[in-house]
Amino acid sequence: MRTPIAYFLLLSGILFALGTVGVLTRRSALLIFMSIELQLNAVNLTLVAFSRMWNELDGQVLAFFSMVVAAAEVVVGLAIIVALFRRRGTIDVDDATELRW
Amino acid sequence: MPLDDIVFWVFAPVSVASAIGMLMMRNAIYAALFLIVNFFCLAVMYLLLDAAFLFAVQIVVYAGAIMVLFLFVIMLLGIDRGDTIRDRLSWQRGLVYVLAAGFVVELFVALRAGIGFATHAPEGFAAVNEPSNTQAVAKVLFEDYFFPFEVTSVLLIVASIAAMVLAQRKARSITQAEIDAAGAGTREDEEVPA
């Protein structure tokens with residue numbers, strides 16, 4: 001294990017920033033959702049890197065939980081996107097301006 | 001050059017490039033494929049950080065299950081036309097790039113001032129990972145984090161029920177007026193057009 005920990009943290013920061021750019025610039029709900037996945041993964045990398053840095057396994061367990069929650073979130077989020085597409089025929093988030101039906 | 005460094009410097013640029021590729025693609029399918037590449041690169045990073053169990057979980061859950069779900073939905077909805085052309089957020093777009101670059105620079109400075117770029121991970125992680133990473137993680141998971149782990153099962157059940165409820169097609173209930181209008185005996189169950 002010779003690569004400095006800070007490189008992993010910087011990589012994770014870059015990926016998180018790219019995910020943020022995706023969330024803020026894309027208009028397709030699916031692509032925004034993918035960018036959120038990218039952000040979640042970037043944070044997972046941070047958790048694992050810190051787990052390695054402090055010689056503790058808690059970070060890895062937390063990353064594991066984060067993956068479980070992400071899986072549940074993807075299921076619900078994609079179902080919402082499918083429902084939105086059925087209702088409106090588009091998944092452009094600029095068009096979805098109302099919460100009711 | 002140590003092997004760890006070589007692997008890192010091969011996969012880190014690939015992961016950043018695939019993330020940028022995902023942002024640039026107009027076609028949702030290509031974006032999803034780029035994201036799969038990115039997830040594989042992150043799995044390799046986990047391996048470099050001595051987290052072999054998360055390496056496997058990352059590939060099985062993210063690159064496997066979650067991205068297949070994404071591709072399923074993309075193909076189900078038939079959204080391969082990409083984003084719409086019109087742009088209502090033209091000036092915010094530049095601001096986003098500035099803020100993202102600022103975030104990375106800020107993180108760079110913070111890391112430099114904090115742990116520094118020469119700090120290597122301490123030795124002795126092999127002792128933590130005794131006898132293997134999977135067994136060590138399981139020990140922590142089922143002893144210290146047993147209750148959260150059980151709560152997770154509730155979360156998964158609630159999520160799958162929610163997905164079924166949200167994604168089903170609702171049959172519209174038929175009013176008495178429609179029955180009268182259709183005439184006795186000739187009424188047909190109507191489906192809501194999708």
# chains A, B, ... in the order shown; residues from 1 in each chain; ligands from 1
call {"tool": "residues_around", "arguments": {"residues": "Thr46 in chain A", "least_positions_apart": "5", "cutoff": "8 Å", "atoms": "only C-alpha atoms", "output": "JSON list (two decimals) with C-alpha atoms, in the first residue's frame"}}
result
[["chain", "number", "residue", "atom", "x", "y", "z"],
["A", 8, "PHE", "CA", -7.79, 8.74, -3.31],
["A", 9, "LEU", "CA", -9.52, 11.57, -1.47],
["A", 12, "SER", "CA", -13.22, 11.17, -4.88]]
call {"tool": "residues_around", "arguments": {"residues": "range 120-126 of chain B", "least_positions_apart": "5", "cutoff": "9 Å", "atoms": "only C-alpha atoms", "output": "VMD selection string"}}
result
(chain A and resid 1 to 6 49 52 to 56) or (chain B and resid 50 131 to 133)
call {"tool": "residues_around", "arguments": {"residues": "range 62-73 of chain A", "least_positions_apart": "2", "cutoff": "7 Å", "atoms": "only C-alpha atoms", "output": "VMD selection string"}}
result
(chain A and resid 44 47 to 48 58 to 60 75 to 77) or (chain B and resid 66 156 159)
call {"tool": "atom_distance", "arguments": {"atom1": "CA of Asp4 in chain B", "atom2": "CA of Leu48 in chain B"}}
result
6.8 Å
call {"tool": "closest_atom_pairs", "arguments": {"of": "chain B", "to": "chain A", "cutoff": "7 Å", "atoms": "only C-alpha atoms", "output": "JSON lines"}}
result
{"residue": "B:Asp4", "atom": "CA", "partner": "A:Thr3", "partner_atom": "CA", "distance": 6.3}
{"residue": "B:Asp5", "atom": "CA", "partner": "A:Thr3", "partner_atom": "CA", "distance": 5.5}
{"residue": "B:Ala12", "atom": "CA", "partner": "A:Leu11", "partner_atom": "CA", "distance": 7.0}
{"residue": "B:Val16", "atom": "CA", "partner": "A:Leu15", "partner_atom": "CA", "distance": 6.5}
{"residue": "B:Ala19", "atom": "CA", "partner": "A:Leu18", "partner_atom": "CA", "distance": 6.8}
{"residue": "B:Ile20", "atom": "CA", "partner": "A:Leu18", "partner_atom": "CA", "distance": 7.0}
{"residue": "B:Leu23", "atom": "CA", "partner": "A:Gly22", "partner_atom": "CA", "distance": 5.9}
{"residue": "B:Ala28", "atom": "CA", "partner": "A:Leu31", "partner_atom": "CA", "distance": 6.9}
{"residue": "B:Tyr46", "atom": "CA", "partner": "A:Val48", "partner_atom": "CA", "distance": 7.0}
{"residue": "B:Leu49", "atom": "CA", "partner": "A:Arg52", "partner_atom": "CA", "distance": 6.2}
{"residue": "B:Ile66", "atom": "CA", "partner": "A:Ala71", "partner_atom": "CA", "distance": 6.6}
{"residue": "B:Asp83", "atom": "CA", "partner": "A:Ser28", "partner_atom": "CA", "distance": 5.9}
{"residue": "B:Arg93", "atom": "CA", "partner": "A:Thr25", "partner_atom": "CA", "distance": 6.2}
{"residue": "B:Val96", "atom": "CA", "partner": "A:Val21", "partner_atom": "CA", "distance": 6.1}
{"residue": "B:Tyr97", "atom": "CA", "partner": "A:Val21", "partner_atom": "CA", "distance": 6.7}
{"residue": "B:Ala100", "atom": "CA", "partner": "A:Ala17", "partner_atom": "CA", "distance": 5.1}
{"residue": "B:Phe103", "atom": "CA", "partner": "A:Ala17", "partner_atom": "CA", "distance": 6.9}
{"residue": "B:Val104", "atom": "CA", "partner": "A:Ile14", "partner_atom": "CA", "distance": 6.0}
{"residue": "B:Leu107", "atom": "CA", "partner": "A:Gly13", "partner_atom": "CA", "distance": 7.0}
{"residue": "B:Phe108", "atom": "CA", "partner": "A:Leu10", "partner_atom": "CA", "distance": 6.6}
{"residue": "B:Leu111", "atom": "CA", "partner": "A:Ala6", "partner_atom": "CA", "distance": 6.5}
{"residue": "B:Gly116", "atom": "CA", "partner": "A:Ala6", "partner_atom": "CA", "distance": 6.8}
{"residue": "B:Phe117", "atom": "CA", "partner": "A:Ala6", "partner_atom": "CA", "distance": 5.5}
{"residue": "B:Ala118", "atom": "CA", "partner": "A:Pro4", "partner_atom": "CA", "distance": 5.9}
{"residue": "B:Thr119", "atom": "CA", "partner": "A:Pro4", "partner_atom": "CA", "distance": 5.5}
{"residue": "B:His120", "atom": "CA", "partner": "A:Pro4", "partner_atom": "CA", "distance": 4.4}
{"residue": "B:Ala121", "atom": "CA", "partner": "A:Met53", "partner_atom": "CA", "distance": 5.0}
{"residue": "B:Pro122", "atom": "CA", "partner": "A:Met53", "partner_atom": "CA", "distance": 6.4}
{"residue": "B:Phe125", "atom": "CA", "partner": "A:Asn55", "partner_atom": "CA", "distance": 5.6}
{"residue": "B:Val128", "atom": "CA", "partner": "A:Asn55", "partner_atom": "CA", "distance": 6.7}
{"residue": "B:Val137", "atom": "CA", "partner": "A:Leu57", "partner_atom": "CA", "distance": 6.5}
{"residue": "B:Leu141", "atom": "CA", "partner": "A:Val61", "partner_atom": "CA", "distance": 6.4}
{"residue": "B:Leu156", "atom": "CA", "partner": "A:Ala72", "partner_atom": "CA", "distance": 5.9}
{"residue": "B:Ala159", "atom": "CA", "partner": "A:Ala72", "partner_atom": "CA", "distance": 5.5}
{"residue": "B:Ser160", "atom": "CA", "partner": "A:Val75", "partner_atom": "CA", "distance": 7.0}
{"residue": "B:Ala162", "atom": "CA", "partner": "A:Val76", "partner_atom": "CA", "distance": 6.4}
{"residue": "B:Ala163", "atom": "CA", "partner": "A:Val76", "partner_atom": "CA", "distance": 5.1}
{"residue": "B:Leu166", "atom": "CA", "partner": "A:Ala79", "partner_atom": "CA", "distance": 5.8}
{"residue": "B:Ala167", "atom": "CA", "partner": "A:Ala79", "partner_atom": "CA", "distance": 5.2}
{"residue": "B:Ala194", "atom": "CA", "partner": "A:Arg86", "partner_atom": "CA", "distance": 5.7}
call {"tool": "write_last_selection", "arguments": {"atoms": "C-alpha atoms", "output": "PDB file, in the first residue's frame"}}
result
ATOM      1  CA  ASP B   4       0.032   0.100  -6.508  1.00  0.00           C
ATOM      2  CA  ASP B   5       0.973   3.440  -8.041  1.00  0.00           C
ATOM      3  CA  ALA B  12      -7.853   7.120 -11.766  1.00  0.00           C
ATOM      4  CA  VAL B  16     -12.402  10.735 -14.267  1.00  0.00           C
ATOM      5  CA  ALA B  19     -17.345  10.510 -15.494  1.00  0.00           C
ATOM      6  CA  ILE B  20     -16.731  13.401 -17.917  1.00  0.00           C
ATOM      7  CA  LEU B  23     -21.734  14.193 -18.524  1.00  0.00           C
ATOM      8  CA  ALA B  28     -28.736   8.117 -22.136  1.00  0.00           C
ATOM      9  CA  TYR B  46     -11.411  -0.382  -3.307  1.00  0.00           C
ATOM     10  CA  LEU B  49      -7.442   0.186  -0.390  1.00  0.00           C
ATOM     11  CA  ILE B  66     -28.208  -1.061 -10.411  1.00  0.00           C
ATOM     12  CA  ASP B  83     -31.711  15.933 -23.681  1.00  0.00           C
ATOM     13  CA  ARG B  93     -24.220  26.620 -16.519  1.00  0.00           C
ATOM     14  CA  VAL B  96     -21.782  25.497 -12.114  1.00  0.00           C
ATOM     15  CA  TYR B  97     -18.397  24.870 -13.724  1.00  0.00           C
ATOM     16  CA  ALA B 100     -17.243  22.704  -9.209  1.00  0.00           C
ATOM     17  CA  PHE B 103     -14.710  22.829  -4.861  1.00  0.00           C
ATOM     18  CA  VAL B 104     -11.870  20.740  -6.253  1.00  0.00           C
ATOM     19  CA  LEU B 107     -10.346  20.265  -1.461  1.00  0.00           C
ATOM     20  CA  PHE B 108      -6.806  20.215  -2.855  1.00  0.00           C
ATOM     21  CA  LEU B 111      -5.810  18.067   1.790  1.00  0.00           C
ATOM     22  CA  GLY B 116      -0.585  16.232   3.016  1.00  0.00           C
ATOM     23  CA  PHE B 117       0.145  14.421  -0.220  1.00  0.00           C
ATOM     24  CA  ALA B 118       2.997  12.356   1.148  1.00  0.00           C
ATOM     25  CA  THR B 119       1.072  10.616   3.924  1.00  0.00           C
ATOM     26  CA  HIS B 120       0.942   6.933   3.244  1.00  0.00           C
ATOM     27  CA  ALA B 121      -1.607   4.687   4.852  1.00  0.00           C
ATOM     28  CA  PRO B 122      -0.248   3.101   8.010  1.00  0.00           C
ATOM     29  CA  PHE B 125      -4.102  -3.181   8.018  1.00  0.00           C
ATOM     30  CA  VAL B 128      -7.256  -5.625  10.964  1.00  0.00           C
ATOM     31  CA  VAL B 137     -16.126  -7.036   7.748  1.00  0.00           C
ATOM     32  CA  LEU B 141     -21.179  -6.008  10.656  1.00  0.00           C
ATOM     33  CA  LEU B 156     -35.460  -3.059   1.272  1.00  0.00           C
ATOM     34  CA  ALA B 159     -38.529   0.099  -1.198  1.00  0.00           C
ATOM     35  CA  SER B 160     -39.666  -2.861  -3.290  1.00  0.00           C
ATOM     36  CA  ALA B 162     -43.025   1.323  -3.036  1.00  0.00           C
ATOM     37  CA  ALA B 163     -41.606   0.555  -6.470  1.00  0.00           C
ATOM     38  CA  LEU B 166     -45.488   3.626  -7.967  1.00  0.00           C
ATOM     39  CA  ALA B 167     -44.925   1.823 -11.244  1.00  0.00           C
ATOM     40  CA  ALA B 194     -50.690   5.405 -21.026  1.00  0.00           C
TER      41      ALA B 194
END
